[in-house]
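Data block below; observations after.
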Amino acid sequence: MIQFMKDTKYDFLKFSKIAISISVAIIAAAILVMFVVYGGPNFSVDFAGGTVVQLKFEKAVKDDIGKIRGIVSGLGLGNPEIKTVGPVSHNELQITVKKKAEGSLVADELKAAIQKGYPDNTFELRRQEQVGPKIGSELRTDAIIMIILALAVLLVYVGFRFSLPFGVAAIIPLFHDSCIAISPFLFFNYEMSLSTLAAVLTVVGFSINDTIVIFDRVRENLRGGGLRQKNLTELLNWSINQTLSRTIITSLTVFSVVTFLFVLGGESIRDFSLTMFVGTIAGVYSTIYIASPILIWWNKRWPITR
Amino acid sequence: MDKKTMWRLMVVIASIILLVAFLWNSVHYYSMPLQEREEYVKTHPDILKKIVNLGLDLQGGMRLVLEIDRTNIDKSQDKDPLDRAFTVIENRINGLGVAEPTVQKQGRDRIIVELPGLKDEAMAKSVIGKTAQLEFMLLREPMQLEHAIEVIDNVITGKAGKDTAAAAAAPDTSAQKAKAQQAMAEKLFKGAESGKDLQRKADTTDTAALEGAEPVSFKDLLIGISDQIAVRMENVERVNAILARKDVREALERAGLGGNKFLWSHDTVHAEGTLDRSLYYMKGTPEMRGDAIKDARGSIDQSGMHAGGAKVDLEMNSKGARRFSSVTAANVNKFLAIVLDSTVYSAPRIIQKISGGRAEITGSFSIAEAHNLAVVLRAGALPAPVKIIEERTVGPSLGQDSIRKSMIAGLVGGILVIFFILIYYRLAGAIGVLTIILNILGVLAVMAGLSATLTLPGIAGILLQIGMGVDANVLIYERIREELRTGKTVRAAIKAGFDRAFVTIVDSNLTTIATALILFWKGTGAIKGFALTLIFGLIVSLYLALFVTKVLMDIVFANVKEKMSI
């Protein structure tokens, strides 16, 4: 029989101060980089409004990005973002135009102009997205509502099933996980889209799952009279150790699926898998280093009895 | 095995049979090549309601969000621009010939159009953007219709020489004579152009090839419903092909019938277990247009012959009233069809001359149908312009790529997880692997049962299920191992393991379901699809972990006293 982590007695919470500092530093750095280096968040057309066309050309266009940029700016659409999709040999380009004003639905103009510039090179439309500015701002509002609502529902659920301190201790790490999950997007100025949002909410689901497993064990140990022999820190450490092999196996399986999705799943799903990739790590870590210290801190002020 | 375990095993087997039954159609459908699927849908129109449907991001297609342009609409006067725009757009979308289009109203001024498998997105958008055309057209007499059918049949069954004779047998009006003579002259002229004749022949053979070897007469495709003609739904395209044939159109023109039009009804009729669409034969030039109408309302008749029945009150403007008066005076007892964008919505009979600009359309319709007809009339009178505020189009090739790539990622990831679980948990791991597979199939079966739509994020959701579904098994198995270490018997350890893990599994699944529900509620398009698979997956996973795994563990380890393979 193989058994990871049998009867371990690691003192995880010894490092909680350092861990929290690192977390805070990463989040602060990501936000700082986003504002100072890139001048604000980079939203995809989903949230910013604009047009994306993804075209697969028949003949090579790899040296023509400048030319296409010229064609698009010639239409008065500002400076487009142009990038190759997949291997260069696929001749596939993605052209993004973001414009806040009315008339951001310009795919047809764009395609006509490009076809005119390439009379002897045809292209196939792979994907086209046009989002009016109104829809973009609605989707932004919806995204915020969704996240707040999700956290509120979870606070109420955990608050009822456990108790208020557990609810609070379960929710705050979710903020942390969401921020860490999108931090690569902030550091590298990647576009945040609807799939990023879906991934963040999935991370939230996964992370609360992990927290609940450990809290369940804490509750069980508390009921068994754990606090008579141990203080809360010891009891938390004990519970984390008891569930450690489960934590490792589950996160390994989720993590390996997400990794393969990231590597093999293709461009369309990369945003999603990248967010999940980082978020799953954050989700496991935050139960131990964010949720548990909050519980301990709470217990010092208002002792948790049961 | 005791009786209780036996019963529980039966339930497990029954759920597996149910699962297979739900998935049967989907497997059958998706194992066909693409072309065959299109044919299959035509012969089995219900199939799409029995399978997992692919979202637009996977099969390719277009999703549009349209918004009523209210800049020229007077808010206080205009109550139903959304209904009118919806009627117009729905009618046009149905005319596009795209399989399974959906048109939905959203909120107070939006319409969502989804066109799967669409090939020409620019054309579809231009069709949606056009202004609505409402026309009042007179139906032709049965005699003229019979004549037209005869002419068409002469052409398609090869007796082309007869058509001049048929023209002579036509009702003898001088106008038609003149037309016939003109047609004759044209025929002589065209006969000289051998190139055109060749073209005509090519056209004919093309259509013949399309229709199969045996020539079908036009008349055989028609069925009579009272004093009207209709066509079985499966034959509608054939009839369209015949009517579009160049030689048919020319023959009709020569016979002096060129000014008439065949138009389809909007509604379909159920008759004798088949679905039919009515075909109307009309005078080509409309008597009146939508601009003649001031207002139209559906209401219940308070008095008169049809008291209690639904009717539509039609109000014309002064110019329209004069025109209507003369049209009705000249055509009493004839049928005047209401045609929106070349689709016939209703063809009431003119009972008497109507002057004064107020008309009533009565008949055997419900109040809802009367309301709909009134909307059609208003749609033609008061345009409700729409603009596209969001478009998402995915080409079919990208969709195929996405399916292939995510399948590979899922297979590789899945196989790795399965190996790991088998090595780590051995015999119990085999049960775990079975539940992982059942979990994925179960999600798909539920989706097939509800004919839900699978999107690319949805596939990601199912793949995550491999990871998360394992969690329930891991929780149970780790707990059983712990209990075994404290020296419990195998039986007691299994029981304690399940009892202890139960609460944790329920709590962790319910919280994840809660977040997925929020995604489903507020999310759009593909995100909704993702949330849906996640919710179904978690529910299926709960059932599998708390019931199926328990039953299988009880049976597999029933006679194991020590050294449990876990």
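Chain lettering (A, B, ...) mirrors the order of the structure tokens, residue numbering begins at 1 for each chain separately, and ligand numbering begins at 1 in order of display.
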Show me, as an MDAnalysis selection string, the residues of chain A whose atoms get within 8 Å of chain B, using only C-alpha atoms for the distance check.
chainID A and resid 1:3 105 108 125:132 134:135 142 146 149:150 153:154 157 194:195 198 201:202 204:206 208:210 212:213 216 245:246 249:251 253:258 260:261 263:266 268:269
Since we have the selection now, will you write its residues out, keeping C-alpha atoms, as a compact mmCIF listing (two decimals), in the first residue's frame?
```
# COMPACT_ATOMS: atom_id res chain seq x y z
CA MET A 1 0.00 0.00 0.00
CA ILE A 2 1.24 3.43 -0.90
CA GLN A 3 0.47 6.14 1.59
CA LEU A 105 -18.68 46.85 -34.39
CA ASP A 108 -17.12 43.86 -41.78
CA LEU A 125 -12.99 33.51 -40.89
CA ARG A 126 -12.16 31.47 -37.82
CA ARG A 127 -13.76 33.62 -35.18
CA GLN A 128 -15.31 37.03 -34.90
CA GLU A 129 -16.47 38.87 -31.82
CA GLN A 130 -18.00 42.27 -31.70
CA VAL A 131 -19.16 43.77 -28.46
CA GLY A 132 -20.84 47.14 -28.25
CA LYS A 134 -22.99 49.15 -23.66
CA ILE A 135 -22.79 45.35 -23.53
CA ASP A 142 -22.46 41.52 -14.05
CA MET A 146 -21.43 37.59 -9.68
CA LEU A 149 -22.95 37.37 -4.76
CA ALA A 150 -20.90 34.18 -4.79
CA VAL A 153 -23.83 33.07 -0.57
CA LEU A 154 -20.78 31.17 0.63
CA TYR A 157 -23.75 28.88 3.89
CA LEU A 194 -15.31 36.21 -19.69
CA SER A 195 -13.40 32.91 -19.51
CA ALA A 198 -15.52 31.80 -15.21
CA LEU A 201 -15.38 31.60 -9.96
CA THR A 202 -14.35 27.98 -10.46
CA VAL A 204 -13.53 30.09 -5.73
CA GLY A 205 -15.56 26.88 -5.82
CA PHE A 206 -12.49 24.69 -5.62
CA ILE A 208 -13.96 26.77 -0.61
CA ASN A 209 -14.16 23.03 -1.16
CA ASP A 210 -10.66 22.62 0.18
CA ILE A 212 -14.49 23.07 4.04
CA VAL A 213 -12.74 19.71 4.13
CA ASP A 216 -14.99 19.86 8.84
CA SER A 245 -2.90 13.16 2.08
CA ARG A 246 -6.39 13.93 0.79
CA ILE A 249 -4.10 13.69 -3.90
CA THR A 250 -7.07 15.85 -4.83
CA SER A 251 -5.00 18.87 -5.74
CA THR A 253 -5.50 15.27 -9.82
CA VAL A 254 -7.19 18.63 -10.39
CA PHE A 255 -3.82 20.19 -11.07
CA SER A 256 -2.80 17.56 -13.61
CA VAL A 257 -6.09 17.91 -15.51
CA VAL A 258 -5.71 21.69 -15.57
CA PHE A 260 -2.99 19.17 -19.63
CA LEU A 261 -5.81 21.53 -20.50
CA VAL A 263 -0.70 22.60 -22.57
CA LEU A 264 -2.91 20.66 -24.99
CA GLY A 265 -6.28 22.41 -24.86
CA GLY A 266 -5.55 25.04 -27.50
CA SER A 268 -9.51 29.09 -27.08
CA ILE A 269 -9.27 27.70 -23.58
```
Nearby residues (only C-alpha atoms) at most 12 Å from Gln115 (chain A), same-chain spacing under 4 positions excluded, as number ranges by chain
A: 55, 57-58, 68, 71-72, 108-111, 119-125
Okay, now the selection with N, CA and C atoms, as a PDB file, in the first residue's frame?
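In the end it all went to result_24.pdb:
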```pdb
ATOM      1  N   LEU A  55      -8.400  35.444 -38.419  1.00  0.00           N
ATOM      2  CA  LEU A  55      -8.429  35.056 -39.829  1.00  0.00           C
ATOM      3  C   LEU A  55      -7.314  34.067 -40.122  1.00  0.00           C
ATOM      4  N   PHE A  57      -5.185  32.830 -43.109  1.00  0.00           N
ATOM      5  CA  PHE A  57      -4.850  33.172 -44.492  1.00  0.00           C
ATOM      6  C   PHE A  57      -4.380  31.941 -45.238  1.00  0.00           C
ATOM      7  N   GLU A  58      -4.551  32.026 -46.563  1.00  0.00           N
ATOM      8  CA  GLU A  58      -4.114  30.908 -47.392  1.00  0.00           C
ATOM      9  C   GLU A  58      -2.596  30.925 -47.546  1.00  0.00           C
ATOM     10  N   ILE A  68      -0.714  45.039 -42.121  1.00  0.00           N
ATOM     11  CA  ILE A  68      -2.108  44.923 -41.671  1.00  0.00           C
ATOM     12  C   ILE A  68      -2.430  46.013 -40.659  1.00  0.00           C
ATOM     13  N   ILE A  71      -3.241  48.986 -42.564  1.00  0.00           N
ATOM     14  CA  ILE A  71      -4.580  48.926 -43.166  1.00  0.00           C
ATOM     15  C   ILE A  71      -5.644  49.282 -42.133  1.00  0.00           C
ATOM     16  N   VAL A  72      -5.499  48.683 -40.932  1.00  0.00           N
ATOM     17  CA  VAL A  72      -6.519  48.905 -39.899  1.00  0.00           C
ATOM     18  C   VAL A  72      -6.494  50.350 -39.409  1.00  0.00           C
ATOM     19  N   ASP A 108     -16.895  43.927 -40.343  1.00  0.00           N
ATOM     20  CA  ASP A 108     -17.119  43.856 -41.784  1.00  0.00           C
ATOM     21  C   ASP A 108     -16.202  44.823 -42.541  1.00  0.00           C
ATOM     22  N   GLU A 109     -16.110  46.077 -42.033  1.00  0.00           N
ATOM     23  CA  GLU A 109     -15.187  47.051 -42.623  1.00  0.00           C
ATOM     24  C   GLU A 109     -13.766  46.507 -42.637  1.00  0.00           C
ATOM     25  N   LEU A 110     -13.402  45.953 -41.493  1.00  0.00           N
ATOM     26  CA  LEU A 110     -12.043  45.456 -41.296  1.00  0.00           C
ATOM     27  C   LEU A 110     -11.699  44.368 -42.305  1.00  0.00           C
ATOM     28  N   LYS A 111     -12.613  43.422 -42.441  1.00  0.00           N
ATOM     29  CA  LYS A 111     -12.348  42.293 -43.345  1.00  0.00           C
ATOM     30  C   LYS A 111     -12.285  42.779 -44.788  1.00  0.00           C
ATOM     31  N   PRO A 119      -5.211  41.175 -52.498  1.00  0.00           N
ATOM     32  CA  PRO A 119      -6.088  40.694 -53.580  1.00  0.00           C
ATOM     33  C   PRO A 119      -5.833  39.227 -53.942  1.00  0.00           C
ATOM     34  N   ASP A 120      -4.599  38.748 -53.755  1.00  0.00           N
ATOM     35  CA  ASP A 120      -4.328  37.367 -54.180  1.00  0.00           C
ATOM     36  C   ASP A 120      -4.066  36.441 -52.995  1.00  0.00           C
ATOM     37  N   ASN A 121      -4.596  36.795 -51.838  1.00  0.00           N
ATOM     38  CA  ASN A 121      -4.458  35.924 -50.668  1.00  0.00           C
ATOM     39  C   ASN A 121      -5.810  35.885 -49.974  1.00  0.00           C
ATOM     40  N   THR A 122      -6.470  34.744 -50.019  1.00  0.00           N
ATOM     41  CA  THR A 122      -7.799  34.690 -49.396  1.00  0.00           C
ATOM     42  C   THR A 122      -7.651  34.270 -47.937  1.00  0.00           C
ATOM     43  N   PHE A 123      -8.691  34.515 -47.157  1.00  0.00           N
ATOM     44  CA  PHE A 123      -8.659  34.063 -45.769  1.00  0.00           C
ATOM     45  C   PHE A 123      -9.993  33.476 -45.369  1.00  0.00           C
ATOM     46  N   GLU A 124      -9.906  32.634 -44.344  1.00  0.00           N
ATOM     47  CA  GLU A 124     -11.099  31.999 -43.813  1.00  0.00           C
ATOM     48  C   GLU A 124     -11.379  32.642 -42.460  1.00  0.00           C
ATOM     49  N   LEU A 125     -12.639  32.940 -42.192  1.00  0.00           N
ATOM     50  CA  LEU A 125     -12.991  33.510 -40.889  1.00  0.00           C
ATOM     51  C   LEU A 125     -13.044  32.396 -39.859  1.00  0.00           C
TER      52      LEU A 125
END
```
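With CA of Ser183 (chain A) on one side and CA of Ile27 (chain A) on the other, the separation reads 6.9 Å.
Among the candidates B:Val155, B:Gln133, B:Glu150, B:Ala241, the one nearest to Gly290 (chain B) when counting only C-alpha atoms is B:Gln133.
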DSSP on the backbone, helix (DSSP H, G or I) only: what residues of region 94-300 of chain A does that give? Format it as a ChimeraX atom specification.
/A:107-117,133-161,164-187,194-223,226-229,232-242,244-264,267-300
So that I can see what lies close to Met276 (chain A), please list as a ChimeraX atom specification the residues with an atom at most 9 Å from it, counting only C-alpha atoms and leaving out residues fewer than 5 positions away in the same chain.
/A:181,196,199-200,202-203,255,258-259,271,281
Those same residues, written as a compact mmCIF listing (two decimals), in the first residue's frame with N, CA and C atoms?
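What landed in again_24.txt:
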```txt
# COMPACT_ATOMS: atom_id res chain seq x y z
N ALA A 181 -5.07 34.28 -8.62
CA ALA A 181 -5.40 33.61 -9.89
C ALA A 181 -5.26 34.54 -11.08
N THR A 196 -11.82 34.21 -18.17
CA THR A 196 -11.05 34.45 -16.95
C THR A 196 -12.00 34.51 -15.75
N ALA A 199 -13.22 31.14 -14.83
CA ALA A 199 -12.16 30.41 -14.14
C ALA A 199 -12.00 30.90 -12.70
N VAL A 200 -12.09 32.22 -12.49
CA VAL A 200 -11.96 32.76 -11.13
C VAL A 200 -13.07 32.18 -10.25
N THR A 202 -14.62 29.40 -10.68
CA THR A 202 -14.35 27.98 -10.46
C THR A 202 -13.28 27.80 -9.39
N VAL A 203 -12.28 28.67 -9.43
CA VAL A 203 -11.25 28.64 -8.40
C VAL A 203 -11.89 28.87 -7.03
N PHE A 255 -4.94 19.47 -10.49
CA PHE A 255 -3.82 20.19 -11.07
C PHE A 255 -3.35 19.53 -12.37
N VAL A 258 -5.83 20.30 -15.14
CA VAL A 258 -5.71 21.69 -15.57
C VAL A 258 -4.43 21.90 -16.38
N THR A 259 -3.35 21.23 -15.97
CA THR A 259 -2.08 21.38 -16.69
C THR A 259 -2.22 20.87 -18.13
N ASP A 271 -6.80 31.00 -21.61
CA ASP A 271 -7.11 31.96 -20.54
C ASP A 271 -7.65 31.25 -19.32
N ILE A 281 -3.42 26.24 -7.08
CA ILE A 281 -2.33 26.30 -6.10
C ILE A 281 -2.71 27.24 -4.97
```
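Distance-wise, CA of Gly458 (chain B) and CA of Thr275 (chain A) end up 15.9 Å apart.
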Neighbour list for Leu9 (chain B) as a PyMOL selection string, cut-off 12 Å, only C-alpha atoms, skip fewer than 2 positions in-chain:
chain B and resi 1-7+11-16+547-556
Point out the residue among B:Leu340, B:Ala251, B:Leu54, B:Leu134 with the least atom-to-atom distance to Asn91 (chain B), counting only C-alpha atoms.
B:Leu340
Give the strand (DSSP E or B) residues of region 21-77 of chain A, as assigned by DSSP on the backbone, as a ChimeraX atom specification.
/A:43,50-57
The selected residues should be written to file as a PDB file, in the first residue's frame (atoms: C-alpha atoms).
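Full text of selection.pdb as output:
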```
ATOM      1  CA  PHE A  43      -9.861  43.975 -20.442  1.00  0.00           C
ATOM      2  CA  GLY A  50     -14.608  46.325 -29.528  1.00  0.00           C
ATOM      3  CA  THR A  51     -14.012  43.886 -32.317  1.00  0.00           C
ATOM      4  CA  VAL A  52     -11.861  40.791 -32.672  1.00  0.00           C
ATOM      5  CA  VAL A  53     -11.432  38.939 -35.926  1.00  0.00           C
ATOM      6  CA  GLN A  54      -9.366  35.816 -36.233  1.00  0.00           C
ATOM      7  CA  LEU A  55      -8.429  35.056 -39.829  1.00  0.00           C
ATOM      8  CA  LYS A  56      -6.638  32.091 -41.330  1.00  0.00           C
ATOM      9  CA  PHE A  57      -4.850  33.172 -44.492  1.00  0.00           C
TER      10      PHE A  57
END
```
Would you mind listing what lies within 12 Å of region 38-40 of chain B as a PyMOL selection string, with only C-alpha atoms counted and same-chain residues fewer than 5 positions away left out?
chain B and resi 25+28-33+45-48+98-100+117+234
Save the residues we just selected, C-alpha atoms, as a short mmCIF file (atom, residue, chain, number, x, y, z; two decimals), in the first residue's frame?
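Output file result-v1.cif follows:
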```cif
data_model
loop_
_atom_site.label_atom_id
_atom_site.label_comp_id
_atom_site.auth_asym_id
_atom_site.auth_seq_id
_atom_site.Cartn_x
_atom_site.Cartn_y
_atom_site.Cartn_z
CA ASN B 25 -29.24 8.82 -29.46
CA HIS B 28 -25.71 7.29 -32.70
CA TYR B 29 -25.97 10.84 -34.00
CA TYR B 30 -22.39 11.98 -33.42
CA SER B 31 -20.90 8.78 -34.83
CA MET B 32 -22.35 9.75 -38.21
CA PRO B 33 -20.26 11.87 -40.55
CA PRO B 45 -36.76 16.27 -36.80
CA ASP B 46 -37.07 15.28 -33.12
CA ILE B 47 -33.52 14.01 -32.80
CA LEU B 48 -32.06 17.34 -31.68
CA VAL B 98 -30.47 27.40 -41.14
CA ALA B 99 -31.14 24.27 -39.10
CA GLU B 100 -32.48 24.89 -35.58
CA GLY B 117 -23.71 26.01 -38.46
CA GLU B 234 -40.23 17.37 -46.09
#
```
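For Arg297 (chain B), the non-local neighbours within 6 Å, defined as residues at least 3 positions apart in the same chain or in other chains and counting only C-alpha atoms, are Val312, Asp313 and Ala374 of chain B.
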Residues within 6 Å of region 164-167 of chain A, please, as a PDB file with C-alpha atoms, in the first residue's frame. Count only C-alpha atoms; anything in the same chain fewer than 4 positions from it doesn't count.
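Output contents, as saved in around.pdb:
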```pdb
ATOM      1  CA  LEU A 155     -20.493  33.331   3.747  1.00  0.00           C
ATOM      2  CA  VAL A 158     -20.565  28.348   5.879  1.00  0.00           C
ATOM      3  CA  GLY A 159     -21.839  30.676   8.602  1.00  0.00           C
TER       4      GLY A 159
END
```
Measuring atom to atom with only C-alpha atoms, identify which of B:Leu257, B:Leu58, B:Val327, B:Val490 is nearest to Met143 (chain B).
B:Leu257
Atom pair CA of Ala230 (chain B) / CA of His266 (chain B): separation (Å):
12.0 Å
Counting only C-alpha atoms, which residue out of A:Lys83, A:His176, A:Lys300, A:Arg219 sits closest to Gly279 (chain A)?
A:His176
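Among B:Ala430, B:Ile367, B:Leu532, B:Ala296, the residue with the shortest atom-to-atom distance to Leu444 (chain B), counting only C-alpha atoms, is B:Leu532.
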